[in-house]
Amino acid sequence: MEDIKIWAEKQASNLIAPLGNRWLHVQGVVRKAHWVAEILHEDDRPYFIAAAYLHDIGYAPSLKKTGFHPLDGAYYMRSCGYERLASLVAHHFEAGIEARLLGYEQELDTFPREYSLLADALDYCDCTTGPAGAPISWEERIREIRNRYSETDVAVRMLSEAEPYLTQIVARVQQALSEHVTKARRDPPRA
């Protein structure tokens with residue numbers, strides 16, 4: 001079987017690259033994911049990098065079924081036989097809140113939500129990468145989303161509900177990164 005990271009990169013490159021800034025955002029999330037992956041168990045790292053490539057794949061016009069990108073991307077991952085990736089894509093960036101606001105909650109619930117450091121790390125990378133791929137703080141990302149959409153847009157309404165939970169996720173991952181750096185300084189690898 002082809003390496004999942006290589007497969008994910010090919011899928012994202014083929015389906016998201018034509019989408020301009022969306023592809024730049026995905027590439028920024030992937031760059032950050034390569035750095036963040038160090039806090040994860042070695043077995044989770046390939047899935048994490050693959051999920052970083054694929055988290056926004058549902059924006060690809062050819063995959064549009066519902067118009068709700070987490071769900072459309074999850075359906076595609078499921079059709080390719082990748083259930084874990086389907087679940088990670090389905091629930092990234094607190095998609096359950098937006099699914100409820102859009103009337104897709106029942107469909108999204110067909111994808112079990114993963115509660116793990118990997119899922120948190122995916123949200124962290126998404127929350128701290130701007131729309132054109134540049135690293136930004138979570139606070140800047142919140143402002144950017146609110147400035148990009150109108151106050152009544154579902155994205156802003158979702159963010160108002162999701163912000164406290166996503167803020168906790170960002171803090172948890174930052175803490176894990178800090179602990180990893182501290183441990184690496186204390187226990188350098190042996191040659």
# chains A, B, ... in the order shown; residues from 1 in each chain; ligands from 1
>>> residues_around(residues="A:Lys5", least_positions_apart="6", cutoff="12 Å", atoms="only C-alpha atoms", output="ChimeraX atom specification")
/A:11-13,30,33-34,44-54,85
>>> write_last_selection(atoms="C-alpha atoms", output="PDB file, in the first residue's frame")
ATOM      1  CA  GLN A  11      -4.849  13.963  -3.472  1.00  0.00           C
ATOM      2  CA  ALA A  12      -4.484  17.460  -2.048  1.00  0.00           C
ATOM      3  CA  SER A  13      -2.207  18.582  -4.861  1.00  0.00           C
ATOM      4  CA  VAL A  30       1.271  20.920   6.518  1.00  0.00           C
ATOM      5  CA  ALA A  33       2.215  19.869  11.128  1.00  0.00           C
ATOM      6  CA  HIS A  34       5.713  18.609  10.293  1.00  0.00           C
ATOM      7  CA  ASP A  44       0.221   8.665  14.607  1.00  0.00           C
ATOM      8  CA  ARG A  45       2.561  10.946  12.675  1.00  0.00           C
ATOM      9  CA  PRO A  46       1.754   9.666   9.151  1.00  0.00           C
ATOM     10  CA  TYR A  47      -2.003  10.044   9.786  1.00  0.00           C
ATOM     11  CA  PHE A  48      -1.431  13.503  11.207  1.00  0.00           C
ATOM     12  CA  ILE A  49       0.512  14.717   8.166  1.00  0.00           C
ATOM     13  CA  ALA A  50      -2.071  13.103   5.872  1.00  0.00           C
ATOM     14  CA  ALA A  51      -4.902  14.816   7.784  1.00  0.00           C
ATOM     15  CA  ALA A  52      -3.098  18.153   7.468  1.00  0.00           C
ATOM     16  CA  TYR A  53      -3.006  17.708   3.686  1.00  0.00           C
ATOM     17  CA  LEU A  54      -6.624  16.591   3.523  1.00  0.00           C
ATOM     18  CA  LEU A  85      -8.939  10.277   8.052  1.00  0.00           C
TER      19      LEU A  85
END
>>> residues_around(residues="A:Ala95", least_positions_apart="5", cutoff="9 Å", atoms="only C-alpha atoms", output="PyMOL selection string")
chain A and resi 70-71+90+100+108+158+162
>>> residues_around(residues="stretch 163-169 of chain A", least_positions_apart="3", cutoff="10 Å", atoms="only C-alpha atoms", output="list in words")
Phe93, Glu94, Leu117, Ala119, Asp120, Ala121, Leu122, Asp123, Tyr124, Cys127, Trp138, Glu139, Ile142, Met158, Leu159, Ser160, Arg172, Val173, Gln174 and Gln175 of chain A
>>> write_last_selection(atoms="N, CA and C atoms", output="PDB file, in the first residue's frame")
ATOM      1  N   PHE A  93     -11.721  21.704  13.259  1.00  0.00           N
ATOM      2  CA  PHE A  93     -12.131  23.092  13.539  1.00  0.00           C
ATOM      3  C   PHE A  93     -13.563  23.157  14.076  1.00  0.00           C
ATOM      4  N   GLU A  94     -13.876  22.222  14.976  1.00  0.00           N
ATOM      5  CA  GLU A  94     -15.194  22.187  15.632  1.00  0.00           C
ATOM      6  C   GLU A  94     -16.338  22.192  14.616  1.00  0.00           C
ATOM      7  N   LEU A 117      -4.695  13.673  21.053  1.00  0.00           N
ATOM      8  CA  LEU A 117      -3.705  14.716  20.831  1.00  0.00           C
ATOM      9  C   LEU A 117      -3.545  14.960  19.334  1.00  0.00           C
ATOM     10  N   ALA A 119      -5.923  14.778  16.978  1.00  0.00           N
ATOM     11  CA  ALA A 119      -7.044  15.631  16.556  1.00  0.00           C
ATOM     12  C   ALA A 119      -6.843  17.065  17.050  1.00  0.00           C
ATOM     13  N   ASP A 120      -6.383  17.209  18.290  1.00  0.00           N
ATOM     14  CA  ASP A 120      -6.098  18.554  18.818  1.00  0.00           C
ATOM     15  C   ASP A 120      -4.993  19.234  18.003  1.00  0.00           C
ATOM     16  N   ALA A 121      -3.951  18.480  17.667  1.00  0.00           N
ATOM     17  CA  ALA A 121      -2.829  19.049  16.919  1.00  0.00           C
ATOM     18  C   ALA A 121      -3.268  19.507  15.530  1.00  0.00           C
ATOM     19  N   LEU A 122      -4.184  18.763  14.898  1.00  0.00           N
ATOM     20  CA  LEU A 122      -4.708  19.178  13.595  1.00  0.00           C
ATOM     21  C   LEU A 122      -5.444  20.512  13.733  1.00  0.00           C
ATOM     22  N   ASP A 123      -6.290  20.622  14.740  1.00  0.00           N
ATOM     23  CA  ASP A 123      -6.996  21.891  14.963  1.00  0.00           C
ATOM     24  C   ASP A 123      -6.009  23.019  15.268  1.00  0.00           C
ATOM     25  N   TYR A 124      -4.994  22.725  16.068  1.00  0.00           N
ATOM     26  CA  TYR A 124      -3.988  23.733  16.399  1.00  0.00           C
ATOM     27  C   TYR A 124      -3.334  24.279  15.119  1.00  0.00           C
ATOM     28  N   CYS A 127      -5.844  26.360  13.267  1.00  0.00           N
ATOM     29  CA  CYS A 127      -6.163  27.595  14.009  1.00  0.00           C
ATOM     30  C   CYS A 127      -5.035  28.611  13.971  1.00  0.00           C
ATOM     31  N   TRP A 138      -3.571  32.401  17.228  1.00  0.00           N
ATOM     32  CA  TRP A 138      -4.993  32.064  17.281  1.00  0.00           C
ATOM     33  C   TRP A 138      -5.829  33.342  17.356  1.00  0.00           C
ATOM     34  N   GLU A 139      -5.375  34.313  18.099  1.00  0.00           N
ATOM     35  CA  GLU A 139      -6.112  35.575  18.222  1.00  0.00           C
ATOM     36  C   GLU A 139      -6.212  36.279  16.863  1.00  0.00           C
ATOM     37  N   ILE A 142      -8.773  34.421  14.692  1.00  0.00           N
ATOM     38  CA  ILE A 142     -10.144  34.784  15.069  1.00  0.00           C
ATOM     39  C   ILE A 142     -10.529  36.112  14.397  1.00  0.00           C
ATOM     40  N   MET A 158     -20.570  30.165  14.055  1.00  0.00           N
ATOM     41  CA  MET A 158     -19.893  28.958  14.539  1.00  0.00           C
ATOM     42  C   MET A 158     -18.708  29.331  15.414  1.00  0.00           C
ATOM     43  N   LEU A 159     -17.916  30.289  14.954  1.00  0.00           N
ATOM     44  CA  LEU A 159     -16.728  30.689  15.700  1.00  0.00           C
ATOM     45  C   LEU A 159     -17.099  31.231  17.084  1.00  0.00           C
ATOM     46  N   SER A 160     -18.193  31.956  17.168  1.00  0.00           N
ATOM     47  CA  SER A 160     -18.615  32.479  18.472  1.00  0.00           C
ATOM     48  C   SER A 160     -18.853  31.353  19.474  1.00  0.00           C
ATOM     49  N   ARG A 172      -3.708  23.526  24.981  1.00  0.00           N
ATOM     50  CA  ARG A 172      -3.225  22.166  25.265  1.00  0.00           C
ATOM     51  C   ARG A 172      -2.051  21.782  24.368  1.00  0.00           C
ATOM     52  N   VAL A 173      -2.166  22.101  23.093  1.00  0.00           N
ATOM     53  CA  VAL A 173      -1.088  21.748  22.162  1.00  0.00           C
ATOM     54  C   VAL A 173       0.149  22.600  22.442  1.00  0.00           C
ATOM     55  N   GLN A 174      -0.038  23.878  22.722  1.00  0.00           N
ATOM     56  CA  GLN A 174       1.112  24.721  23.073  1.00  0.00           C
ATOM     57  C   GLN A 174       1.814  24.184  24.317  1.00  0.00           C
ATOM     58  N   GLN A 175       1.037  23.711  25.290  1.00  0.00           N
ATOM     59  CA  GLN A 175       1.611  23.114  26.492  1.00  0.00           C
ATOM     60  C   GLN A 175       2.395  21.848  26.149  1.00  0.00           C
TER      61      GLN A 175
END
>>> atom_distance(atom1="atom CA of A:Leu63", atom2="atom CA of A:Ile16")
10.6 Å
>>> atom_distance(atom1="atom CA of A:Arg84", atom2="atom CA of A:Glu114")
8.3 Å
>>> closest_residue(among="A:Met77, A:Ala37, A:Val156, A:Leu101", to="A:Asp56", atoms="only C-alpha atoms")
A:Met77
>>> select_by_dssp(residues="stretch 4-175 of chain A", states="helix (DSSP H, G or I)", output="VMD selection string")
chain A and resid 4 to 19 21 to 39 45 to 54 57 to 59 61 to 63 69 to 79 83 to 102 105 to 108 117 to 127 138 to 148 154 to 175
>>> atom_distance(atom1="atom CA of A:Ile145", atom2="atom CA of A:Gly130")
9.3 Å
>>> closest_residue(among="A:Ile4, A:Arg148, A:His180, A:Glu107", to="A:Lys65", atoms="only C-alpha atoms")
A:Glu107
>>> closest_residue(among="A:His69, A:Val29, A:Leu118, A:Gly81", to="A:Tyr104", atoms="only C-alpha atoms")
A:His69
>>> residues_around(residues="A:Leu19", least_positions_apart="4", cutoff="9 Å", atoms="only C-alpha atoms", output="CSV table (one decimal) with N, CA and C atoms, in the first residue's frame")
chain,number,residue,atom,x,y,z
A,15,LEU,N,-6.5,18.0,-6.1
A,15,LEU,CA,-7.8,18.6,-5.9
A,15,LEU,C,-7.9,20.0,-5.3
A,23,TRP,N,-5.1,26.3,-1.3
A,23,TRP,CA,-3.9,25.5,-1.4
A,23,TRP,C,-2.8,26.0,-0.5
A,24,LEU,N,-2.6,27.4,-0.6
A,24,LEU,CA,-1.6,28.0,0.2
A,24,LEU,C,-1.8,27.7,1.7
A,59,TYR,N,-13.4,21.2,-0.1
A,59,TYR,CA,-13.6,22.4,-0.9
A,59,TYR,C,-13.5,22.2,-2.4
A,60,ALA,N,-12.9,21.0,-2.8
A,60,ALA,CA,-12.7,20.7,-4.2
A,60,ALA,C,-14.0,20.6,-4.9
>>> closest_residue(among="A:Asp126, A:Glu38, A:Asp153, A:Glu179", to="A:Val89", atoms="only C-alpha atoms")
A:Asp126
